[in-house]
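The file protein.txt contains compact mmCIF, C-alpha atoms:
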# COMPACT_ATOMS: atom_id res chain seq x y z
CA MET A 1 89.97 52.51 -27.92
CA ARG A 2 88.47 50.51 -30.75
CA ILE A 3 91.24 48.25 -32.08
CA SER A 4 91.03 46.00 -35.14
CA PHE A 5 93.61 43.34 -36.03
CA LEU A 6 93.88 42.02 -39.60
CA ILE A 7 95.35 38.51 -39.80
CA HIS A 8 95.91 35.92 -42.53
CA ASN A 9 93.94 33.05 -40.96
CA ALA A 10 92.90 33.16 -37.32
CA TYR A 11 91.49 29.64 -37.57
CA GLY A 12 94.82 27.86 -38.01
CA ILE A 13 97.86 27.17 -35.84
CA GLY A 14 101.01 29.27 -35.64
CA GLY A 15 103.05 31.72 -33.63
CA THR A 16 101.51 34.83 -35.16
CA ILE A 17 98.00 33.53 -34.47
CA ARG A 18 98.84 32.69 -30.87
CA THR A 19 100.54 36.01 -30.12
CA THR A 20 97.79 38.03 -31.85
CA HIS A 21 95.09 36.26 -29.86
CA THR A 22 97.04 36.78 -26.63
CA LEU A 23 97.56 40.49 -27.28
CA ALA A 24 93.99 41.03 -28.47
CA GLY A 25 92.54 39.19 -25.48
CA THR A 26 94.60 41.24 -23.04
CA LEU A 27 93.74 44.55 -24.72
CA ALA A 28 90.06 43.55 -24.70
CA GLU A 29 90.06 43.78 -20.91
CA GLN A 30 90.10 47.58 -21.33
CA HIS A 31 89.22 48.23 -24.99
CA ASP A 32 86.86 47.22 -27.81
CA VAL A 33 88.88 44.69 -29.82
CA GLU A 34 88.22 42.56 -32.90
CA ILE A 35 90.27 40.16 -35.01
CA VAL A 36 89.43 40.09 -38.71
CA SER A 37 90.67 36.95 -40.44
CA VAL A 38 91.10 37.13 -44.21
CA PHE A 39 90.36 33.42 -44.47
CA ARG A 40 88.20 30.95 -42.59
CA HIS A 41 88.67 27.28 -43.39
CA ARG A 42 87.04 25.57 -40.37
CA GLU A 43 84.04 26.05 -38.11
CA GLU A 44 85.92 26.88 -34.92
CA PRO A 45 89.42 28.31 -34.42
CA VAL A 46 92.04 25.96 -33.01
CA LEU A 47 93.25 28.74 -30.72
CA ALA A 48 90.20 30.73 -29.70
CA PRO A 49 90.83 34.39 -28.87
CA GLY A 50 90.20 35.08 -25.22
CA GLY A 51 87.97 37.47 -23.37
CA LYS A 52 85.64 39.77 -25.23
CA VAL A 53 87.46 39.68 -28.57
CA ARG A 54 85.16 39.49 -31.60
CA LEU A 55 86.29 37.27 -34.47
CA ARG A 56 85.04 37.56 -38.06
CA HIS A 57 86.29 36.63 -41.52
CA LEU A 58 86.35 38.06 -45.05
CA VAL A 59 86.56 34.96 -47.29
CA ASP A 60 84.86 31.66 -46.47
CA LEU A 61 86.82 28.55 -47.49
CA ARG A 62 84.83 26.00 -45.46
CA ARG A 63 84.28 23.27 -48.04
CA GLY A 64 80.75 21.99 -48.19
CA GLY A 65 79.39 24.96 -46.30
CA PRO A 66 76.67 27.24 -47.72
CA GLY A 67 79.06 30.20 -47.82
CA TYR A 68 82.00 28.47 -49.54
CA GLU A 69 83.78 30.89 -51.89
CA GLY A 70 86.69 28.82 -53.11
CA ASP A 71 85.02 28.43 -56.51
CA ASP A 72 84.57 32.17 -57.04
CA PRO A 73 86.23 33.02 -60.41
CA ASP A 74 88.09 35.95 -58.82
CA HIS A 75 89.62 33.58 -56.28
CA ARG A 76 91.44 31.87 -59.16
CA ARG A 77 92.98 35.13 -60.36
CA PRO A 78 96.19 36.31 -58.66
CA ALA A 79 96.17 39.21 -56.24
CA VAL A 80 97.33 42.60 -57.43
CA VAL A 81 97.48 44.58 -54.17
CA PHE A 82 98.91 41.80 -51.98
CA PRO A 83 102.63 41.81 -52.94
CA ALA A 84 103.79 39.11 -55.34
CA ALA A 85 107.07 38.85 -53.38
CA GLU A 86 105.24 37.99 -50.14
CA GLY A 87 105.43 34.31 -49.17
CA ARG A 88 101.65 33.90 -48.94
CA HIS A 89 100.89 35.53 -52.30
CA GLY A 90 99.74 32.25 -53.85
CA GLN A 91 96.86 32.08 -51.38
CA TYR A 92 95.64 35.59 -52.18
CA SER A 93 93.57 36.63 -55.18
CA LEU A 94 91.47 39.34 -56.77
CA LEU A 95 88.72 38.20 -54.42
CA THR A 96 90.86 38.87 -51.33
CA ASP A 97 92.06 42.16 -52.83
CA ARG A 98 88.44 43.25 -53.15
CA ARG A 99 87.27 41.99 -49.75
CA ILE A 100 90.19 43.52 -47.86
CA ALA A 101 89.71 46.86 -49.65
CA GLU A 102 85.99 46.89 -48.82
CA HIS A 103 86.73 46.01 -45.20
CA LEU A 104 89.34 48.76 -44.79
CA ARG A 105 87.14 51.40 -46.42
CA ARG A 106 84.27 50.62 -44.02
CA LEU A 107 86.38 50.04 -40.92
CA ASP A 108 85.22 52.16 -37.98
CA CYS A 109 87.97 52.00 -35.37
CA ASP A 110 90.73 54.02 -33.72
CA VAL A 111 93.61 51.68 -34.56
CA VAL A 112 94.04 49.07 -37.30
CA VAL A 113 96.91 46.58 -36.94
CA GLY A 114 98.31 44.38 -39.72
CA THR A 115 100.11 41.18 -38.80
CA ARG A 116 102.18 40.34 -41.90
CA PRO A 117 103.88 42.38 -44.64
CA GLY A 118 101.25 41.81 -47.34
CA LEU A 119 98.42 42.88 -45.05
CA ASN A 120 100.44 45.87 -43.87
CA VAL A 121 100.69 46.95 -47.52
CA HIS A 122 96.91 46.66 -47.85
CA ILE A 123 96.47 48.85 -44.76
CA ALA A 124 99.00 51.40 -46.00
CA ARG A 125 97.31 51.67 -49.39
CA GLN A 126 93.64 51.22 -48.57
CA ALA A 127 92.77 52.12 -44.96
CA ARG A 128 90.63 55.23 -44.70
CA ARG A 129 92.18 58.36 -43.21
CA GLY A 130 90.78 58.08 -39.67
CA PRO A 131 92.37 55.06 -37.93
CA VAL A 132 95.97 54.91 -36.76
CA ARG A 133 97.77 52.44 -39.06
CA VAL A 134 100.19 49.98 -37.46
CA GLY A 135 102.14 47.25 -39.26
CA GLN A 136 103.59 44.40 -37.20
CA GLU A 137 106.73 42.50 -38.22
CA HIS A 138 106.59 39.00 -36.76
CA LEU A 139 109.69 37.78 -38.62
CA THR A 140 112.68 40.01 -39.39
CA LEU A 141 113.52 42.48 -42.12
CA GLY A 142 116.57 40.40 -43.01
CA THR A 143 114.47 37.35 -43.90
CA HIS A 144 112.60 39.24 -46.64
CA SER A 145 113.74 39.21 -50.26
CA GLY A 146 115.15 42.34 -51.85
CA GLN A 147 112.01 42.60 -53.98
CA LEU A 148 109.73 42.52 -50.93
CA LYS A 149 111.89 45.07 -49.09
CA ARG A 150 111.48 47.46 -52.03
CA VAL A 151 107.70 47.00 -51.91
CA LEU A 152 107.65 47.66 -48.17
CA ARG A 153 109.83 50.73 -48.53
CA ALA A 154 107.44 52.04 -51.17
CA HIS A 155 104.30 51.65 -49.05
CA TYR A 156 105.30 51.70 -45.38
CA PRO A 157 105.75 55.53 -45.33
CA ARG A 158 101.92 55.64 -45.28
CA LEU A 159 101.86 53.75 -41.96
CA ASP A 160 101.96 55.49 -38.60
CA ALA A 161 104.08 52.83 -36.90
CA VAL A 162 105.93 49.58 -37.52
CA THR A 163 106.51 47.22 -34.61
CA THR A 164 109.18 44.54 -34.45
CA VAL A 165 109.63 41.80 -31.85
CA THR A 166 113.28 42.67 -31.12
CA GLU A 167 115.25 45.88 -30.75
CA ALA A 168 117.85 44.49 -33.18
CA ASP A 169 115.24 44.27 -35.92
CA ALA A 170 113.89 47.73 -35.03
CA ARG A 171 117.41 49.09 -35.57
CA ALA A 172 117.54 47.34 -38.94
CA TYR A 173 114.23 48.95 -39.97
CA ARG A 174 115.39 52.40 -38.87
CA ARG A 175 118.73 52.07 -40.63
CA LEU A 176 117.72 50.41 -43.88
CA MET A 177 114.13 51.38 -44.63
CA ARG A 178 114.28 55.17 -44.10
CA LEU A 179 110.70 55.80 -42.98
CA PRO A 180 110.56 59.44 -41.78
CA GLY A 181 107.70 60.13 -39.42
CA VAL A 182 106.91 56.41 -38.97
CA ARG A 183 107.41 55.19 -35.41
CA VAL A 184 109.52 52.03 -35.38
CA GLU A 185 109.27 50.35 -32.00
CA ALA A 186 110.35 47.00 -30.60
CA LEU A 187 107.50 45.31 -28.73
CA PRO A 188 108.05 41.66 -27.75
CA ASN A 189 105.49 38.90 -27.90
CA GLY A 190 103.53 38.28 -24.73
CA VAL A 191 103.64 34.86 -23.06
CA PRO A 192 101.02 34.09 -20.38
CA ALA A 193 102.00 32.74 -16.98
CA PRO A 194 101.69 28.93 -17.00
CA GLY A 195 98.82 27.35 -15.15
CA VAL A 196 101.14 24.83 -13.49
CA ALA A 197 103.72 25.05 -10.70
CA PRO A 198 107.23 25.88 -11.98
CA ALA A 199 109.91 23.26 -12.41
CA ASP A 200 111.92 22.44 -9.28
CA GLY A 201 115.13 21.61 -11.11
CA SER A 202 115.23 17.98 -10.03
CA GLY A 203 114.04 16.25 -13.21
CA LYS A 204 116.90 14.86 -15.29
CA TRP A 205 115.40 16.03 -18.56
CA VAL A 206 116.47 18.61 -21.12
CA VAL A 207 113.44 19.88 -23.08
CA ALA A 208 113.27 21.49 -26.53
CA ALA A 209 110.20 22.48 -28.51
CA GLY A 210 109.35 23.90 -31.92
CA ARG A 211 108.91 23.00 -35.56
CA LEU A 212 111.18 20.20 -36.75
CA ALA A 213 112.61 22.49 -39.44
CA PRO A 214 116.19 23.04 -40.69
CA ALA A 215 116.52 26.48 -39.07
CA LYS A 216 115.93 24.97 -35.62
CA ARG A 217 119.08 22.81 -36.01
CA TYR A 218 117.87 19.94 -33.89
CA ASP A 219 120.52 17.84 -35.59
CA VAL A 220 123.14 19.93 -33.77
CA LEU A 221 121.26 19.48 -30.49
CA VAL A 222 121.12 15.70 -30.95
CA ARG A 223 124.86 15.54 -31.71
CA ALA A 224 125.59 17.74 -28.69
CA PHE A 225 123.47 15.50 -26.50
CA ALA A 226 125.56 12.52 -27.57
CA LEU A 227 128.50 14.28 -25.87
CA VAL A 228 126.32 14.95 -22.81
CA VAL A 229 125.32 11.28 -22.56
CA ALA A 230 128.95 10.20 -22.71
CA GLU A 231 129.51 12.02 -19.41
CA ARG A 232 126.03 11.93 -17.89
CA PRO A 233 124.08 8.90 -19.16
CA ASP A 234 121.42 9.49 -16.46
CA TRP A 235 120.08 12.55 -18.36
CA ARG A 236 117.67 12.49 -21.31
CA LEU A 237 116.33 14.85 -23.96
CA ARG A 238 112.74 15.35 -25.11
CA ILE A 239 112.01 17.25 -28.33
CA TYR A 240 108.41 18.39 -28.86
CA GLY A 241 107.06 19.37 -32.27
CA ALA A 242 106.30 18.14 -35.76
CA GLY A 243 107.83 18.88 -39.12
CA ALA A 244 109.70 17.75 -42.20
CA GLU A 245 112.92 16.93 -40.30
CA ARG A 246 111.40 14.20 -38.15
CA ALA A 247 112.57 11.24 -40.26
CA THR A 248 116.07 12.69 -40.61
CA LEU A 249 116.32 13.24 -36.87
CA ARG A 250 115.01 9.74 -36.16
CA THR A 251 117.76 8.30 -38.36
CA LEU A 252 120.42 10.42 -36.64
CA ILE A 253 119.24 9.38 -33.16
CA ASP A 254 119.42 5.70 -34.14
CA LYS A 255 122.81 6.16 -35.82
CA LEU A 256 124.28 7.70 -32.66
CA GLY A 257 122.73 5.03 -30.45
CA LEU A 258 120.64 7.58 -28.55
CA TYR A 259 117.28 5.80 -28.84
CA ASN A 260 117.16 5.43 -25.02
CA HIS A 261 118.19 9.05 -24.41
CA VAL A 262 116.59 11.29 -27.07
CA TYR A 263 112.82 11.18 -27.65
CA LEU A 264 110.86 12.82 -30.45
CA MET A 265 107.63 13.48 -28.61
CA GLY A 266 105.51 15.01 -31.37
CA PRO A 267 103.41 18.14 -30.81
CA ALA A 268 101.91 18.86 -27.39
CA SER A 269 99.30 21.41 -26.39
CA PRO A 270 99.41 22.83 -23.82
CA LEU A 271 103.18 22.59 -23.53
CA GLU A 272 103.61 24.00 -20.03
CA PRO A 273 103.09 20.63 -18.25
CA GLU A 274 105.88 19.22 -20.42
CA TRP A 275 108.31 22.08 -19.76
CA VAL A 276 108.01 21.69 -15.99
CA LYS A 277 108.94 18.01 -16.18
CA GLY A 278 112.38 19.14 -17.26
CA SER A 279 115.13 21.17 -15.62
CA ILE A 280 116.84 22.77 -18.64
CA GLY A 281 115.51 24.20 -21.89
CA ALA A 282 117.52 24.00 -25.11
CA VAL A 283 117.30 26.14 -28.27
CA THR A 284 119.90 25.54 -31.00
CA SER A 285 118.43 27.58 -33.88
CA SER A 286 120.47 29.32 -36.57
CA LEU A 287 117.84 32.08 -36.68
CA GLU A 288 115.08 33.21 -34.29
CA SER A 289 112.94 36.24 -35.07
CA PHE A 290 112.03 36.32 -31.36
CA GLY A 291 112.33 33.12 -29.36
CA MET A 292 108.91 32.21 -27.99
CA THR A 293 110.05 28.83 -26.70
CA ILE A 294 112.85 30.49 -24.73
CA VAL A 295 110.33 32.69 -22.91
CA GLU A 296 107.91 29.77 -22.44
CA ALA A 297 110.63 27.68 -20.82
CA MET A 298 111.75 30.56 -18.60
CA ARG A 299 108.18 31.26 -17.50
CA CYS A 300 108.11 27.63 -16.34
CA GLY A 301 111.27 28.11 -14.27
CA LEU A 302 113.81 26.56 -16.66
CA PRO A 303 117.18 28.11 -17.46
CA VAL A 304 117.76 27.89 -21.22
CA VAL A 305 120.92 27.04 -23.12
CA ALA A 306 120.43 28.89 -26.42
CA THR A 307 122.53 29.67 -29.45
CA ASP A 308 123.37 33.36 -29.74
CA CYS A 309 121.65 33.63 -33.12
CA PRO A 310 119.93 36.62 -34.69
CA HIS A 311 117.80 38.15 -33.29
CA GLY A 312 115.94 37.18 -30.16
CA PRO A 313 117.97 35.09 -27.68
CA ARG A 314 120.37 37.85 -26.60
CA GLU A 315 117.44 40.16 -25.83
CA ILE A 316 115.72 37.51 -23.70
CA ILE A 317 118.56 35.72 -21.87
CA THR A 318 121.06 37.43 -19.58
CA ASP A 319 124.03 35.16 -20.18
CA GLY A 320 125.22 33.49 -16.99
CA THR A 321 122.29 34.79 -14.92
CA ASP A 322 119.07 33.19 -16.18
CA GLY A 323 120.50 31.05 -18.97
CA LEU A 324 123.49 30.52 -21.20
CA LEU A 325 124.27 31.79 -24.70
CA VAL A 326 126.52 29.61 -26.87
CA PRO A 327 127.89 29.98 -30.43
CA VAL A 328 125.62 28.97 -33.31
CA GLY A 329 126.27 25.50 -34.72
CA ARG A 330 129.03 24.62 -32.25
CA THR A 331 128.22 21.12 -31.01
CA GLU A 332 130.93 21.09 -28.34
CA ALA A 333 129.91 24.50 -26.97
CA ILE A 334 126.25 23.47 -26.75
CA ALA A 335 127.21 20.26 -24.94
CA ALA A 336 129.46 22.24 -22.57
CA GLY A 337 126.62 24.64 -21.76
CA LEU A 338 124.24 21.79 -21.01
CA LEU A 339 126.82 19.97 -18.90
CA ARG A 340 127.60 23.11 -16.92
CA LEU A 341 123.98 23.18 -15.71
CA ILE A 342 123.61 19.41 -15.45
CA ASN A 343 126.69 19.04 -13.25
CA ASP A 344 125.88 21.93 -10.89
CA ASP A 345 122.54 21.44 -9.13
CA GLU A 346 122.76 24.73 -7.21
CA LEU A 347 123.61 26.75 -10.34
CA ARG A 348 120.76 25.11 -12.25
CA ARG A 349 118.22 25.92 -9.55
CA ARG A 350 119.53 29.47 -9.10
CA MET A 351 119.35 30.18 -12.83
CA GLY A 352 115.89 28.61 -12.99
CA ALA A 353 114.64 30.98 -10.28
CA ALA A 354 116.24 33.93 -12.08
CA ALA A 355 114.62 32.85 -15.36
CA LEU A 356 111.22 32.71 -13.67
CA ALA A 357 111.67 36.23 -12.28
CA SER A 358 113.11 37.89 -15.40
CA SER A 359 110.52 36.42 -17.77
CA VAL A 360 107.73 38.34 -16.01
CA ARG A 361 108.53 41.26 -18.34
CA PHE A 362 106.96 39.23 -21.15
CA ASP A 363 103.64 38.89 -19.33
CA PRO A 364 100.80 39.83 -21.72
CA ALA A 365 99.65 42.64 -19.41
CA ALA A 366 103.08 44.27 -19.56
CA VAL A 367 103.28 43.93 -23.35
CA ALA A 368 99.71 45.17 -23.84
CA ALA A 369 100.47 48.23 -21.71
CA ARG A 370 103.32 49.13 -24.06
CA TYR A 371 100.99 48.77 -27.05
CA GLU A 372 98.43 50.98 -25.32
CA THR A 373 101.08 53.67 -24.84
CA LEU A 374 102.08 53.45 -28.51
CA PHE A 375 98.48 53.60 -29.76
CA ALA A 376 97.55 56.49 -27.46
CA GLY A 377 100.60 58.46 -28.53
CA LEU A 378 99.85 57.96 -32.21
CA ARG A 379 96.22 59.00 -31.72
CA THR A 380 97.25 62.26 -30.07
CA ARG A 381 99.47 62.96 -33.07
CA GLY A 382 96.30 63.53 -35.12
CA GLY A 383 95.19 66.87 -36.47
CA LEU A 384 97.65 69.01 -38.39
CA ARG A 385 100.73 66.97 -37.46
CA GLY A 386 99.11 63.69 -38.37
CA GLY A 387 97.82 65.15 -41.63
CA LEU A 388 101.30 66.35 -42.56
CA HIS A 389 102.74 62.89 -41.86
CA ARG A 390 100.11 61.21 -44.04
CA THR A 391 100.72 63.73 -46.86
CA ARG A 392 104.49 63.25 -46.65
CA GLY A 393 104.03 59.48 -46.51
CA ALA A 394 101.90 59.52 -49.65
CA LEU A 395 104.48 61.66 -51.48
CA LEU A 396 107.36 59.42 -50.39
CA SER A 397 105.41 56.33 -51.36
CA THR A 398 104.74 57.74 -54.83
CA ALA A 399 108.39 58.75 -55.22
CA PHE A 400 109.72 55.33 -54.14
CA GLN A 401 107.34 53.54 -56.50
CA ALA A 402 108.36 55.77 -59.42
CA LYS A 403 112.04 55.18 -58.64
CA ASP A 404 111.55 51.41 -58.52
CA ARG A 405 109.59 51.48 -61.80
CA GLY A 406 112.44 53.43 -63.38
CA ARG A 407 114.99 50.90 -62.19
CA SER A 408 112.86 48.03 -63.50
CA ALA A 409 112.50 49.71 -66.90
CA LEU A 410 116.26 50.34 -67.08
CA ARG A 411 116.99 46.67 -66.32
CA LYS A 412 114.64 45.61 -69.10
CA VAL A 413 116.35 47.98 -71.58
CA ARG A 414 119.78 46.66 -70.63
CA ALA A 415 118.55 43.07 -70.92
CA ALA A 416 117.20 43.80 -74.43

Whole structure given in structure tokens:
Amino acid sequence: MRISFLIHNAYGIGGTIRTTHTLAGTLAEQHDVEIVSVFRHREEPVLAPGGKVRLRHLVDLRRGGPGYEGDDPDHRRPAVVFPAAEGRHGQYSLLTDRRIAEHLRRLDCDVVVGTRPGLNVHIARQARRGPVRVGQEHLTLGTHSGQLKRVLRAHYPRLDAVTTVTEADARAYRRLMRLPGVRVEALPNGVPAPGVAPADGSGKWVVAAGRLAPAKRYDVLVRAFALVVAERPDWRLRIYGAGAERATLRTLIDKLGLYNHVYLMGPASPLEPEWVKGSIGAVTSSLESFGMTIVEAMRCGLPVVATDCPHGPREIITDGTDGLLVPVGRTEAIAAGLLRLINDDELRRRMGAAALASSVRFDPAAVAARYETLFAGLRTRGGLRGGLHRTRGALLSTAFQAKDRGRSALRKVRAA
């Protein structure tokens, strides 16, 4: 198959970039695969796509370069096609509207895959009739505003499939979005096997990793670790990552007298050598669209103590077998989970081995095989059946848009 991914900026850093490059690189072992980046702001990507994947861009933002387009007058005018309710709307413009439309009209492939809601809308509205149209959801439906949900409901009927990273989010899409004829399928992110030997469970370190952001609730983890240290002062915690919460966490660590037990390590790449220095992973988020760090830790042989937050942890961890699920925001419960593994060497090693075995299902080859099955099935739906779906999708899309315009007009009348 010829498969084309459309991504916001393949030259940056982020979970969507990493997972797209991993999936594309794995698919490229058997198929003709490209990644098309809307933006390019540096010479070389930070995370280069692997294998035979081709990488190209639509808008050049490399300052000082001969192709720089940041001064184009249309780049100063707001986008019309890219939804205003989408979080990245401020970075899009009439220039990107035009370039994406031109790209999708010329695109010669079997499958085109969008990697964020705004780009999925572009594909739904502008992709030519031939390719299978797939929209990926890398966050969750519940994190989108009501306005964006209405936009997606209006345009997603023109897609052939929507993929989510958890079954819980797939159920939400099926229940709330009402997309007849559109396949909604949960396909997790792939995580490669680490290039280091797995942890042996002997290191007295708990390891956490991710953005230092409010949703990750590292403040709860630090407070929980204060309770751990009171019982087991020989154990320590390393937190890897950067973000706006660093100064706040530094203050909390000092306030609790944990400066010899909790370390803010900053970002690390690759992270696998750091995971295997520890014996337990910790995730205390209030929300996880998937839970990449959980899988990364498990692939390194660490059992993970994770909060049972929406949506990912419960679909990754089998509680009591390869990790522990604890209530969100409950400091004492998190500390108890950590201490249960800290105080039982045999349990910790047994769960670590189980984590290593169960996480194989997230190997990129396994995930790519599921995508191949989805793509192949959608391609065989072509002909009369596929034409009927596209016609129905267009009619539904028009009807939803008209309904939303009517509601907007009614609100304006009432407000007047």

Check your understanding: So what do you get for atom CA of A:Arg153 versus atom CA of A:Arg105, distance-wise?
Key -> 22.8 Å

Exercise for review: Might you pull out every residue within 12 Å of A:Asp60, with only C-alpha atoms counted and same-chain residues fewer than 6 positions away left off, and present them as a ChimeraX atom specification?
Suggested key: /A:9,11,37-43,66-72,75,95-96,99

Contact residues around A:Leu94 with only C-alpha atoms at 6 Å, ignoring same-chain residues under 6 positions, as a short mmCIF file (atom, residue, chain, number, x, y, z; two decimals) with C-alpha atoms, in the coordinates of the input:
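Writing the result to out20.cif gives the following:
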data_model
loop_
_atom_site.label_atom_id
_atom_site.label_comp_id
_atom_site.auth_asym_id
_atom_site.auth_seq_id
_atom_site.Cartn_x
_atom_site.Cartn_y
_atom_site.Cartn_z
CA ASP A 74 88.09 35.95 -58.82
CA ARG A 77 92.98 35.13 -60.36
CA PRO A 78 96.19 36.31 -58.66
CA ALA A 79 96.17 39.21 -56.24
#

Exercise for review: Could you tell me how far atom CA of A:Arg116 lies from atom CA of A:Glu272, in Å and to one decimal?
Suggested key: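 Taking atom CA of A:Arg116 and atom CA of A:Glu272, their separation equals 27.3 Å.
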
Exercise for review: Can you pull out every residue within 12 Å of A:Ala209, counting all atoms listed in the file, but drop anything in the same chain fewer than 3 positions away, and send it as a ChimeraX atom specification?
Suggested key: /A:206,212-213,216-218,221,237-243,263-272,274-275,278,280-285,291-297,304

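Atom CA of A:Val165 lies 16.3 Å from atom CA of A:Val360.
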
Practice item. Go through A:Thr22, A:Thr248, A:Ala335, A:His155 and flag the residue nearest A:Val81, using all atoms listed in the file for the distances. Key: A:His155

Point to revise | Nearest residue to A:Pro117 from the set A:Glu137, A:Glu245, A:Asp345, A:Glu102 (distances using all atoms listed in the file) | key: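 Comparing A:Glu137, A:Glu245, A:Asp345, A:Glu102 against A:Pro117, the winner is A:Glu137.
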
Residues at most 6 Å from A:Thr307, counting all atoms listed in the file, excluding those fewer than 3 positions away in the same chain, as a compact mmCIF listing (two decimals) with C-alpha atoms, in the frame of the given file?
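Saved file part_15.txt follows:
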# COMPACT_ATOMS: atom_id res chain seq x y z
CA THR A 284 119.90 25.54 -31.00
CA LEU A 325 124.27 31.79 -24.70
CA VAL A 326 126.52 29.61 -26.87
CA PRO A 327 127.89 29.98 -30.43
CA VAL A 328 125.62 28.97 -33.31

Review point. List as a PyMOL selection string: which residues have an atom within 12 Å of (101.4, 54.2, -39.1), counting only C-alpha atoms?
Key: chain A and resi 110-114+120-121+123-125+127+129-136+155-163+179-185+374-375+377-379+381-382+386-387+389-390+393-394

Practice item. May I have the residues within 8 Å of A:Pro49 as a PyMOL selection string, using all atoms listed in the file and disregarding those fewer than 3 positions away in the same chain? Key: chain A and resi 21-22+24-25+53+55

Exercise for review: Go through A:Ala28, A:Leu338, A:Leu252, A:Ile316 and flag the residue nearest A:Arg361, using all atoms listed in the file for the distances.
Suggested key: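 Among the listed residues, A:Ile316 lies closest to A:Arg361.
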
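Residue nearest A:Val367 within the list A:Leu152, A:Gly190, A:Gly64, A:Thr166: A:Gly190 [criterion: smallest interatomic distance, all atoms listed in the file].
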